[in-house]
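J.: Okay, so here is protein_0.txt, and as you'll see once you scroll down, it has compact mmCIF, C-alpha atoms.
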# COMPACT_ATOMS: atom_id res chain seq x y z
CA MET D 1 18.74 13.25 32.82
CA ARG D 2 15.05 12.89 33.65
CA VAL D 3 12.45 15.48 32.87
CA GLU D 4 9.02 15.06 34.41
CA LEU D 5 5.71 16.45 33.18
CA GLN D 6 7.14 19.12 30.93
CA PRO D 7 4.45 21.16 29.08
CA ALA D 8 4.93 20.47 25.39
CA TYR D 9 3.40 20.48 21.91
CA VAL D 10 4.16 18.07 19.10
CA LEU D 11 5.77 19.82 16.14
CA HIS D 12 6.24 16.79 13.95
CA THR D 13 6.15 12.98 14.02
CA ARG D 14 7.84 10.42 11.83
CA PRO D 15 7.34 6.64 11.81
CA TYR D 16 10.29 4.75 13.27
CA ARG D 17 10.79 0.97 13.23
CA ASP D 18 7.62 -1.14 13.24
CA THR D 19 5.63 0.42 16.04
CA SER D 20 7.52 3.49 17.23
CA MET D 21 7.65 7.15 16.29
CA LEU D 22 10.25 9.89 16.35
CA VAL D 23 8.62 13.00 17.76
CA GLU D 24 9.83 16.60 17.70
CA LEU D 25 8.46 18.45 20.72
CA LEU D 26 8.36 22.13 21.57
CA THR D 27 8.73 22.21 25.35
CA ARG D 28 8.30 25.13 27.71
CA ASP D 29 11.64 24.96 29.52
CA GLN D 30 13.92 23.15 27.10
CA GLY D 31 12.86 24.42 23.71
CA ARG D 32 12.89 21.91 20.90
CA VAL D 33 13.43 18.30 22.02
CA ALA D 34 13.52 15.14 19.88
CA VAL D 35 12.16 12.02 21.58
CA VAL D 36 11.48 8.45 20.51
CA ALA D 37 8.01 7.20 21.49
CA LYS D 38 8.13 3.42 21.69
CA GLY D 39 5.20 1.24 20.78
CA VAL D 40 2.78 4.07 20.03
CA ARG D 41 1.93 2.80 16.56
CA ALA D 42 0.87 -0.61 17.84
CA ALA D 43 -2.80 -1.41 17.26
CA LYS D 44 -3.83 -1.05 20.90
CA SER D 45 -1.83 2.02 21.82
CA ARG D 46 -3.83 4.78 23.50
CA ARG D 47 -1.00 7.25 23.28
CA ARG D 48 -1.11 7.59 19.50
CA ALA D 49 -4.12 9.91 19.68
CA LEU D 50 -2.27 12.25 22.02
CA LEU D 51 0.81 12.56 19.84
CA ASN D 52 -0.79 14.85 17.33
CA PRO D 53 0.15 18.47 16.68
CA PHE D 54 -1.76 21.24 18.50
CA THR D 55 -2.56 19.02 21.50
CA GLY D 56 -1.30 20.29 24.86
CA LEU D 57 0.79 17.61 26.56
CA LEU D 58 2.69 16.98 29.74
CA ALA D 59 5.66 14.96 28.54
CA SER D 60 8.14 13.01 30.65
CA TYR D 61 11.35 11.89 28.99
CA GLN D 62 14.86 10.85 29.84
CA GLY D 63 18.24 10.42 28.18
CA ARG D 64 21.56 12.14 27.88
CA GLY D 65 22.19 12.34 24.15
CA GLY D 66 20.35 14.19 21.42
CA LEU D 67 17.45 11.75 21.13
CA LYS D 68 15.52 11.25 24.37
CA LEU D 69 13.20 8.42 25.33
CA LEU D 70 9.59 9.42 25.93
CA THR D 71 8.50 7.72 29.15
CA SER D 72 4.97 9.03 29.54
CA ILE D 73 2.56 11.60 28.19
CA GLU D 74 -0.65 13.02 29.57
CA PRO D 75 -3.09 15.49 28.08
CA ASP D 76 -2.71 18.98 29.49
CA GLY D 77 -6.16 20.24 28.69
CA ALA D 78 -4.90 23.05 26.45
CA SER D 79 -5.76 21.42 23.13
CA PHE D 80 -6.92 23.35 20.14
CA ALA D 81 -9.22 22.09 17.46
CA LEU D 82 -8.12 23.93 14.34
CA HIS D 83 -10.31 23.92 11.28
CA GLY D 84 -9.76 24.78 7.67
CA ALA D 85 -7.21 27.41 6.83
CA ALA D 86 -6.21 27.68 10.52
CA LEU D 87 -4.79 24.16 10.12
CA TYR D 88 -2.53 25.41 7.31
CA CYS D 89 -1.34 28.19 9.63
CA GLY D 90 -0.64 25.69 12.40
CA PHE D 91 1.48 23.58 10.07
CA TYR D 92 3.23 26.68 8.80
CA MET D 93 4.17 27.62 12.39
CA ASN D 94 5.43 24.10 13.07
CA GLU D 95 7.50 23.97 9.90
CA LEU D 96 8.96 27.40 10.62
CA LEU D 97 9.95 26.40 14.15
CA LEU D 98 11.52 23.15 13.00
CA ARG D 99 13.59 25.04 10.47
CA VAL D 100 14.85 27.87 12.65
CA LEU D 101 15.07 26.51 16.22
CA ALA D 102 18.24 24.82 17.41
CA GLU D 103 17.72 21.79 19.64
CA THR D 104 17.42 22.25 23.39
CA ASP D 105 17.98 25.99 23.49
CA ALA D 106 15.37 27.37 25.84
CA TYR D 107 13.10 30.05 24.40
CA PRO D 108 10.93 30.98 27.39
CA PHE D 109 8.48 33.32 25.68
CA LEU D 110 8.22 31.36 22.48
CA PHE D 111 6.20 28.56 24.09
CA GLN D 112 3.68 31.02 25.54
CA ASN D 113 3.49 32.79 22.23
CA TYR D 114 2.96 29.55 20.34
CA GLN D 115 0.18 28.55 22.73
CA ALA D 116 -1.50 31.95 22.52
CA THR D 117 -1.36 31.89 18.72
CA LEU D 118 -2.91 28.41 18.60
CA MET D 119 -5.68 29.59 20.89
CA ALA D 120 -6.39 32.58 18.67
CA LEU D 121 -6.32 30.34 15.58
CA SER D 122 -8.86 27.98 17.14
CA ARG D 123 -11.17 30.96 17.74
CA GLU D 124 -11.03 31.76 14.06
CA ALA D 125 -9.42 35.17 14.48
CA PRO D 126 -8.10 36.79 11.27
CA LEU D 127 -5.11 34.65 10.29
CA GLU D 128 -2.67 37.09 8.75
CA PRO D 129 -2.00 39.39 11.75
CA LEU D 130 -1.60 36.30 13.96
CA LEU D 131 1.04 34.80 11.70
CA ARG D 132 2.90 38.12 11.35
CA ARG D 133 2.96 38.63 15.12
CA PHE D 134 4.19 35.08 15.57
CA GLU D 135 6.93 35.51 12.97
CA LEU D 136 8.07 38.78 14.53
CA SER D 137 8.18 37.17 17.96
CA VAL D 138 10.20 34.22 16.62
CA LEU D 139 12.70 36.66 15.11
CA GLU D 140 12.83 38.58 18.38
CA GLU D 141 13.39 35.42 20.38
CA LEU D 142 16.20 34.23 18.13
CA GLY D 143 17.99 37.56 18.48
CA TYR D 144 17.08 38.86 15.02
CA GLY D 145 14.46 41.31 16.27
CA ILE D 146 13.64 44.15 13.87
CA ASN D 147 13.81 47.73 15.07
CA LEU D 148 10.61 49.15 13.62
CA THR D 149 10.91 52.67 14.97
CA THR D 150 14.44 53.90 14.23
CA ASP D 151 16.41 54.62 11.06
CA ALA D 152 19.47 52.38 11.52
CA THR D 153 21.86 54.57 9.51
CA HIS D 154 20.88 58.02 10.76
CA GLY D 155 19.66 57.03 14.24
CA THR D 156 16.51 59.12 13.80
CA PRO D 157 12.91 58.00 14.39
CA LEU D 158 11.08 56.65 11.32
CA ILE D 159 8.89 59.21 9.53
CA ALA D 160 5.46 58.17 8.25
CA ASP D 161 5.82 59.91 4.87
CA ALA D 162 9.33 58.63 4.10
CA HIS D 163 10.37 55.40 2.39
CA TYR D 164 12.87 52.92 3.77
CA GLN D 165 15.09 50.16 2.54
CA PHE D 166 15.41 46.99 4.63
CA ASP D 167 18.54 44.97 5.16
CA SER D 168 18.23 41.89 7.39
CA GLU D 169 21.59 42.50 9.04
CA HIS D 170 21.42 46.26 9.30
CA GLY D 171 17.84 47.44 9.58
CA PHE D 172 15.96 50.31 7.92
CA THR D 173 17.59 53.14 6.01
CA GLN D 174 15.71 56.04 4.51
CA VAL D 175 15.92 56.26 0.72
CA VAL D 176 16.16 59.61 -1.07
CA SER D 177 12.90 60.62 -2.69
CA SER D 178 14.26 60.61 -6.26
CA SER D 179 14.89 56.84 -6.19
CA ILE D 180 11.40 55.96 -4.97
CA PRO D 181 9.78 53.71 -7.57
CA PRO D 182 6.20 54.25 -8.72
CA PRO D 183 3.48 52.75 -6.52
CA GLY D 184 2.98 49.04 -7.18
CA VAL D 185 6.69 48.25 -7.34
CA GLN D 186 7.54 46.68 -4.01
CA VAL D 187 11.14 47.28 -3.13
CA PHE D 188 10.90 49.77 -0.29
CA TYR D 189 8.70 50.07 2.79
CA SER D 190 6.69 53.15 3.61
CA GLY D 191 7.25 54.64 7.06
CA ARG D 192 3.51 54.62 7.67
CA ASP D 193 3.29 50.84 7.27
CA LEU D 194 6.33 50.24 9.47
CA LEU D 195 4.96 52.43 12.25
CA ALA D 196 1.63 50.60 12.00
CA ILE D 197 3.41 47.23 12.35
CA ALA D 198 5.35 48.60 15.34
CA ALA D 199 2.06 49.72 16.89
CA ASP D 200 0.57 46.25 16.21
CA ASP D 201 -2.11 47.76 13.97
CA PHE D 202 -2.84 45.44 11.03
CA SER D 203 -6.16 47.00 10.04
CA GLN D 204 -4.94 48.27 6.64
CA ALA D 205 -4.37 45.88 3.73
CA GLU D 206 -1.14 47.71 2.75
CA THR D 207 0.24 47.19 6.25
CA ARG D 208 -0.47 43.48 6.11
CA LEU D 209 1.22 43.22 2.72
CA ALA D 210 4.26 45.16 3.93
CA ALA D 211 4.47 43.01 7.07
CA LYS D 212 4.39 39.86 4.96
CA ARG D 213 7.20 41.10 2.71
CA LEU D 214 9.17 42.24 5.75
CA THR D 215 8.97 38.97 7.73
CA ARG D 216 9.82 37.01 4.58
CA ALA D 217 12.88 39.12 3.96
CA ALA D 218 13.94 38.85 7.59
CA LEU D 219 13.40 35.08 7.77
CA GLN D 220 15.14 34.43 4.45
CA PRO D 221 18.72 34.27 5.84
CA LEU D 222 17.54 31.80 8.54
CA LEU D 223 15.70 29.54 6.12
CA GLY D 224 18.32 29.44 3.38
CA ASN D 225 17.49 28.28 -0.12
CA LYS D 226 14.84 25.70 0.67
CA PRO D 227 11.42 27.37 0.74
CA LEU D 228 8.78 26.45 3.34
CA LYS D 229 6.51 23.79 1.86
CA SER D 230 3.48 24.94 3.87
CA ARG D 231 3.31 28.10 1.79
CA GLU D 232 2.17 25.94 -1.16
CA LEU D 233 -1.07 25.17 0.65
CA PHE D 234 -1.91 28.86 0.99
CA ARG D 235 -0.87 29.70 -2.52
CA SER D 236 -3.10 27.14 -4.18
CA SER D 237 -6.02 27.81 -1.85
CA ARG D 238 -6.56 31.24 -3.34
CA MET B 1 28.80 -18.71 9.90
CA PHE B 2 26.59 -19.31 6.85
CA SER B 3 27.75 -19.26 3.25
CA PRO B 4 27.40 -15.98 1.30
CA LEU B 5 24.20 -16.97 -0.55
CA ILE B 6 22.41 -17.85 2.67
CA ASP B 7 23.65 -14.69 4.36
CA GLU B 8 22.40 -12.64 1.46
CA LEU B 9 18.96 -14.27 1.62
CA MET B 10 18.73 -13.61 5.35
CA SER B 11 19.61 -9.97 5.05
CA ALA B 12 17.16 -9.63 2.12
CA LEU B 13 14.31 -11.05 4.23
CA ARG B 14 14.98 -8.45 6.89
CA CYS B 15 13.45 -5.75 4.71
CA LEU B 16 10.05 -7.15 5.80
CA PRO B 17 8.34 -5.46 8.75
CA GLY B 18 8.84 -7.30 12.04
CA VAL B 19 11.61 -9.56 10.74
CA GLY B 20 14.84 -9.46 12.73
CA PRO B 21 17.97 -11.62 12.40
CA LYS B 22 16.50 -14.56 14.30
CA SER B 23 13.21 -14.74 12.37
CA ALA B 24 15.11 -14.33 9.10
CA GLN B 25 17.29 -17.27 9.99
CA ARG B 26 14.25 -19.38 10.82
CA MET B 27 12.58 -18.54 7.51
CA VAL B 28 15.70 -19.31 5.51
CA LEU B 29 16.26 -22.67 7.20
CA GLN B 30 12.61 -23.60 6.76
CA LEU B 31 12.69 -22.76 3.05
CA LEU B 32 16.01 -24.45 2.26
CA GLU B 33 15.74 -27.46 4.53
CA HIS B 34 12.08 -28.45 4.49
CA ASP B 35 10.26 -26.68 1.70
CA ARG B 36 12.22 -26.35 -1.55
CA PRO B 37 9.10 -26.30 -3.80
CA GLY B 38 7.57 -23.59 -1.61
CA ALA B 39 10.79 -21.59 -1.88
CA GLY B 40 10.72 -21.85 -5.67
CA ARG B 41 7.11 -20.74 -5.77
CA LEU B 42 7.89 -17.79 -3.47
CA ALA B 43 10.83 -16.71 -5.61
CA GLN B 44 8.77 -16.90 -8.80
CA ALA B 45 5.74 -15.11 -7.36
CA LEU B 46 7.91 -12.38 -5.91
CA SER B 47 9.81 -11.65 -9.09
CA GLN B 48 6.61 -11.74 -11.18
CA ALA B 49 4.84 -9.37 -8.80
CA VAL B 50 7.73 -6.94 -8.67
CA GLU B 51 7.92 -6.90 -12.46
CA GLY B 52 4.22 -6.83 -13.20
CA VAL B 53 2.42 -4.87 -10.50
CA GLY B 54 2.10 -1.15 -11.04
CA ARG B 55 -0.48 1.51 -10.29
CA CYS B 56 -4.05 1.67 -11.57
CA GLN B 57 -4.22 4.49 -14.11
CA ARG B 58 -7.43 5.80 -12.63
CA CYS B 59 -7.33 5.34 -8.85
CA ARG B 60 -3.59 4.72 -8.23
CA THR B 61 -4.05 1.53 -6.21
CA LEU B 62 -1.75 -1.47 -6.78
CA THR B 63 -2.62 -3.68 -9.75
CA GLU B 64 -0.96 -5.46 -12.69
CA GLN B 65 -3.72 -4.40 -15.09
CA PRO B 66 -3.97 -0.90 -16.56
CA LEU B 67 -7.23 -0.50 -14.58
CA CYS B 68 -7.82 -2.23 -11.24
CA GLY B 69 -10.77 -4.59 -10.70
CA ILE B 70 -12.90 -1.97 -8.99
CA CYS B 71 -12.32 0.75 -11.59
CA ALA B 72 -12.98 -1.70 -14.43
CA ASN B 73 -16.20 -3.02 -12.87
CA PRO B 74 -19.19 -1.43 -14.68
CA LYS B 75 -21.52 -2.30 -11.78
CA ARG B 76 -19.79 0.07 -9.37
CA ASP B 77 -21.60 3.35 -8.80
CA GLN B 78 -19.82 5.99 -10.83
CA THR B 79 -21.42 8.90 -8.99
CA LEU B 80 -19.63 8.05 -5.71
CA LEU B 81 -15.92 8.57 -5.23
CA CYS B 82 -14.12 7.74 -1.98
CA VAL B 83 -10.70 9.27 -1.26
CA VAL B 84 -8.34 7.20 0.93
CA GLU B 85 -4.71 7.59 1.95
CA THR B 86 -3.34 4.13 1.16
CA PRO B 87 -4.31 0.92 -0.68
CA ALA B 88 -4.62 -0.70 2.78
CA ASP B 89 -7.38 1.79 3.70
CA MET B 90 -9.19 0.96 0.47
CA LEU B 91 -8.99 -2.74 1.29
CA ALA B 92 -10.35 -2.10 4.79
CA ILE B 93 -13.40 -0.30 3.38
CA GLU B 94 -13.93 -3.04 0.78
CA GLN B 95 -13.82 -5.73 3.48
CA ALA B 96 -16.24 -3.79 5.66
CA GLY B 97 -18.67 -4.05 2.72
CA GLY B 98 -21.57 -1.79 1.90
CA TYR B 99 -19.73 0.74 -0.26
CA GLN B 100 -20.48 0.37 -3.94
CA GLY B 101 -18.73 3.40 -5.42
CA ARG B 102 -15.19 3.85 -6.66
CA TYR B 103 -11.98 4.99 -5.01
CA PHE B 104 -9.05 7.34 -5.37
CA VAL B 105 -5.83 6.56 -3.48
CA LEU B 106 -3.68 9.54 -2.46
CA LEU B 107 -0.61 7.40 -1.56
CA GLY B 108 0.06 9.69 1.38
CA ARG B 109 -1.32 12.79 3.03
CA LEU B 110 -0.48 16.47 3.06
CA SER B 111 2.49 16.91 5.36
CA PRO B 112 4.45 20.03 4.46
CA ILE B 113 7.28 19.30 6.90
CA ASP B 114 7.97 16.00 5.13
CA GLY B 115 7.86 17.76 1.78
CA VAL B 116 4.49 16.27 0.78
CA GLY B 117 2.39 18.96 -0.89
CA PRO B 118 -0.68 18.96 -3.17
CA GLU B 119 1.30 17.69 -6.18
CA GLU B 120 2.64 14.64 -4.33
CA ILE B 121 -0.82 13.38 -3.34
CA GLY B 122 -2.05 13.50 -6.92
CA MET B 123 -4.35 16.53 -6.74
CA GLY B 124 -3.93 17.03 -10.49
CA GLU B 125 -5.21 13.53 -11.26
CA LEU B 126 -8.04 13.83 -8.75
CA THR B 127 -9.14 17.15 -10.23
CA ARG B 128 -9.16 15.60 -13.70
CA LEU B 129 -11.27 12.68 -12.44
CA LEU B 130 -13.79 15.07 -10.92
CA GLN B 131 -14.01 17.01 -14.16
CA GLU B 132 -14.27 14.02 -16.50
CA GLU B 133 -16.48 11.63 -14.54
CA PRO B 134 -20.09 12.10 -13.40
CA VAL B 135 -19.12 12.23 -9.70
CA GLU B 136 -21.92 13.58 -7.50
CA GLU B 137 -20.51 12.91 -4.06
CA LEU B 138 -16.90 12.86 -2.93
CA ILE B 139 -16.41 10.93 0.33
CA LEU B 140 -13.26 11.86 2.23
CA ALA B 141 -11.98 8.86 4.18
CA THR B 142 -8.55 10.17 5.20
CA ASN B 143 -7.32 9.25 8.68
CA PRO B 144 -8.62 11.27 11.65
CA THR B 145 -5.15 12.68 12.35
CA VAL B 146 -4.25 16.35 12.03
CA GLU B 147 -2.57 15.68 8.67
CA GLY B 148 -5.58 13.68 7.51
CA GLU B 149 -7.94 16.53 8.46
CA THR B 150 -5.77 19.03 6.64
CA THR B 151 -5.80 16.83 3.55
CA ALA B 152 -9.58 16.45 3.77
CA PHE B 153 -10.06 20.21 4.07
CA TYR B 154 -7.73 20.91 1.16
CA ILE B 155 -9.49 18.43 -1.13
CA SER B 156 -12.93 19.65 -0.05
CA GLU B 157 -12.04 23.20 -1.07
CA ARG B 158 -10.88 22.07 -4.50
CA ALA B 159 -13.94 19.86 -5.01
CA ARG B 160 -16.39 22.61 -4.05
CA GLU B 161 -14.84 24.84 -6.69
CA LEU B 162 -15.76 22.11 -9.18
CA GLY B 163 -19.32 21.91 -7.83
CA VAL B 164 -19.05 18.41 -6.32
CA ASN B 165 -20.77 17.56 -3.02
CA VAL B 166 -18.24 16.63 -0.36
CA SER B 167 -18.75 14.51 2.75
CA ARG B 168 -16.42 13.32 5.48
CA ILE B 169 -16.65 9.92 7.19
CA ALA B 170 -17.91 10.11 10.78
CA HIS B 171 -15.59 9.73 13.77
CA GLY B 172 -16.88 8.45 17.06
CA VAL B 173 -17.26 5.77 19.66
CA PRO B 174 -16.36 2.24 18.47
CA LEU B 175 -19.21 -0.28 18.29
CA GLY B 176 -19.34 -2.42 21.42
CA GLY B 177 -17.07 0.05 23.24
CA GLU B 178 -17.69 1.65 26.59
CA LEU B 179 -17.86 5.41 26.92
CA GLU B 180 -15.83 5.36 30.12
CA TYR B 181 -12.75 4.14 28.27
CA VAL B 182 -13.01 6.23 25.12
CA ASP B 183 -10.43 9.01 24.91
CA GLY B 184 -11.62 12.58 25.42
CA GLY B 185 -10.96 13.82 21.89
CA THR B 186 -13.00 11.05 20.27
CA LEU B 187 -15.84 11.49 22.73
CA ALA B 188 -15.94 15.26 22.18
CA HIS B 189 -16.03 14.64 18.43
CA ALA B 190 -18.77 12.06 18.78
CA PHE B 191 -20.82 14.56 20.77
CA SER B 192 -20.37 17.47 18.42
CA SER B 193 -21.37 15.36 15.40
CA ARG B 194 -24.33 13.55 17.03
CA LYS B 195 -27.38 12.98 14.87
CA ALA B 196 -31.11 13.21 15.42
CA LEU B 197 -33.04 9.95 15.69
Using the file provided, produce a representation of the structure as structure tokens.
T.:
Amino acid sequence: MRVELQPAYVLHTRPYRDTSMLVELLTRDQGRVAVVAKGVRAAKSRRRALLNPFTGLLASYQGRGGLKLLTSIEPDGASFALHGAALYCGFYMNELLLRVLAETDAYPFLFQNYQATLMALSREAPLEPLLRRFELSVLEELGYGINLTTDATHGTPLIADAHYQFDSEHGFTQVVSSSIPPPGVQVFYSGRDLLAIAADDFSQAETRLAAKRLTRAALQPLLGNKPLKSRELFRSSR
Amino acid sequence: MFSPLIDELMSALRCLPGVGPKSAQRMVLQLLEHDRPGAGRLAQALSQAVEGVGRCQRCRTLTEQPLCGICANPKRDQTLLCVVETPADMLAIEQAGGYQGRYFVLLGRLSPIDGVGPEEIGMGELTRLLQEEPVEELILATNPTVEGETTAFYISERARELGVNVSRIAHGVPLGGELEYVDGGTLAHAFSSRKAL
């Protein structure tokens, strides 16, 4: 099977043999693809500079099995120079995708979303809403989308003044007011925050905090026991 | 085809980069047939080096002494500290000449997907160095890859908290090169970090 000039981004590279690299690509039409790039680590290779994360590529590769052979790459023009904390976010996105995406399942909107998020990161937009939107879209794309407007048990719309319990398999269920813990204890989600997330309004700090807890809880079953290493960078940078 | 000892030696030599079965065979035959004293010397040097060489306590480069030659040299400028990814990078800067300060070797770079975080690149030791020594300028000479930039940014944040000046080595057009053949990313970088004459 030959694939020509497929839009792609590098998610991760690993040295392989003396002068080659194993490269994980996120492609537009074929999702995650692993390719071997021969000879790119040789002293005179011009392709090494292209095979960096966050650089838009047109990749051509061939092969039938799991690991394809990269035959050529060209720059696509859509490259993003990330600086500072935006770099951490970029790595976080890459690590997340590598952990949750299966190989060669096509995720048509994910590629666009990834590209749009990188663009926003390179313009130094506020990081947190971007990451939350990206995480929610990844969940959506994988079929684990969260219904942020309906009570899953009672089938009624969420109410701003009520509190809800989240279960990653089930969804939101309203909790009776007597079991609501004092403010500061974060077990439940307030309806107001959930409706704000649904409306894509991250202007309040409480909403951002709730969204962070929510995406973590929802991603947890997909990630398993091994935590994402990129989170360490954020933690110690505060 | 060969006896077990020779086979073992050949497969052992193949741990070297660029050595396949054929080159390993050539090396083994050369050593056993034509150069027995050389083979003895190689064996001795190798086992001594593997036993004796460890890491410099201060900068983490390879050395058999507790402190490497550069760290132990009182003539080196103690106010300059250069951070590099590998001992090979340190050697390259030494051979280029001109730098008179000291080094710190990270032995890697931040790469969360590979499980390399701040602990693994020795941030604790680097922080201690910056606190204990009279360092005035920290020069970040990590590779100009995305991981290298991330590492540089991470270290620069930590160092600023400690009140140390941080600089990053310049990236640009190679000397004697022609602009026409320089890749776009490098050229864009060279333009954005141009300097007044």
J.: When the cut-off is 6 Å and we count only C-alpha atoms, which residues of chain D are near chain B, given as a tab-separated table (two decimals) with C-alpha atoms, keeping the file's coordinate frame?
T.:
chain	number	residue	atom	x	y	z
D	84	GLY	CA	-9.76	24.78	7.67
D	95	GLU	CA	7.50	23.97	9.90
D	229	LYS	CA	6.51	23.79	1.86
D	230	SER	CA	3.48	24.94	3.87
J.: Any idea what the distance is between atom CA of B:Met90 and atom CA of D:Val23?
T.: 27.6 Å
J.: For the atom pair atom CA of D:Lys68 and atom CA of D:Val33, what is the interatomic distance in Å to one decimal place?
T.: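 Interatomic distance here is 7.7 Å.
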J.: Using Å and a single decimal, report how far atom CA of D:Phe54 sits from atom CA of D:Pro75.
T.: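 About the pair atom CA of D:Pro75 and atom CA of D:Phe54: they are 11.3 Å apart.
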J.: Find the residues around stretch 115-117 of chain D up to 8 Å (all atoms listed in the file counted), leave out those fewer than 6 positions away in its own chain, and share them as a list of chain:residue names.
T.: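 My list of contacting residues is D:Leu130, D:Leu131, D:Phe134.
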J.: Counting only C-alpha atoms, what is within 9 Å of stretch 118-121 of chain D, bar same-chain residues fewer than 4 positions away, as a list in words?
T.: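 Listing them by chain and then by number gives Phe54, Ala78, Ser79, Phe80, Ala81, Leu82, His83, Ala86, Leu87, Cys89, Gly90, Asn113, Tyr114, Ala125, Pro126, Leu127 and Leu130 of chain D.
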J.: Could you list, as a ChimeraX atom specification, every residue within 9 Å of B:Ser167, counting only C-alpha atoms and ignoring same-chain residues fewer than 2 positions away?
T.: /B:137-141,156,165,169
J.: As lines of an AutoDock Vina configuration file, please: the centre and edge lengths in Å, to one decimal, of an axis-aligned box enclosing every listed atom of stretch 65-73 of chain B with 3 Å added on each side.
T.:
center_x = -10.0
center_y = -1.9
center_z = -12.8
size_x = 18.5
size_y = 11.3
size_z = 13.6
J.: Need the shell around stretch 152-162 of chain D: protein/DNA/RNA residues with any atom at most 6 Å away, counting only C-alpha atoms. Skip same-chain ones fewer than 6 positions apart. Format as a list in words?
T.: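 The filter keeps Gly171, Phe172, Thr173, Gly191 and Arg192 of chain D.
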J.: Could you pull the residues within 9 Å of D:Asp200, counting only C-alpha atoms, minus those fewer than 3 positions along the same chain, as JSON, numbers by chain?
T.: {"D": [129, 133, 195, 196, 197]}
J.: So, counting all atoms listed in the file, which residue among D:Leu67, D:Leu26, D:Leu58, D:Ala205 is closest to D:Met93?
T.: D:Leu26
J.: Need the neighbours of (11.2, -17.1, -2.9): which residues are at most 12 Å away, counting all atoms listed in the file, as a VMD selection string?
T.: chain B and resid 9 to 10 12 to 13 27 to 28 30 to 32 35 to 49
J.: I'd like to know which of B:Cys56, B:Leu107, B:Ala170, B:Met1 is closest to B:Ala72, using only C-alpha atoms.
T.: B:Cys56
J.: Which is closest to B:Val105 among B:Arg128, B:Arg55, B:Lys75, B:Lys22, if we use only C-alpha atoms?
T.: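 Selected residue with least distance to B:Val105: B:Arg55.
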J.: Neighbourhood query: residues within 7 Å of (-15.5, 6.9, 16.9), file coordinates, counting all atoms listed in the file; return as a list in words.
T.: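 So the residues meeting the distance criterion are His171, Gly172, Val173, Pro174, Thr186 and Ala190 of chain B.
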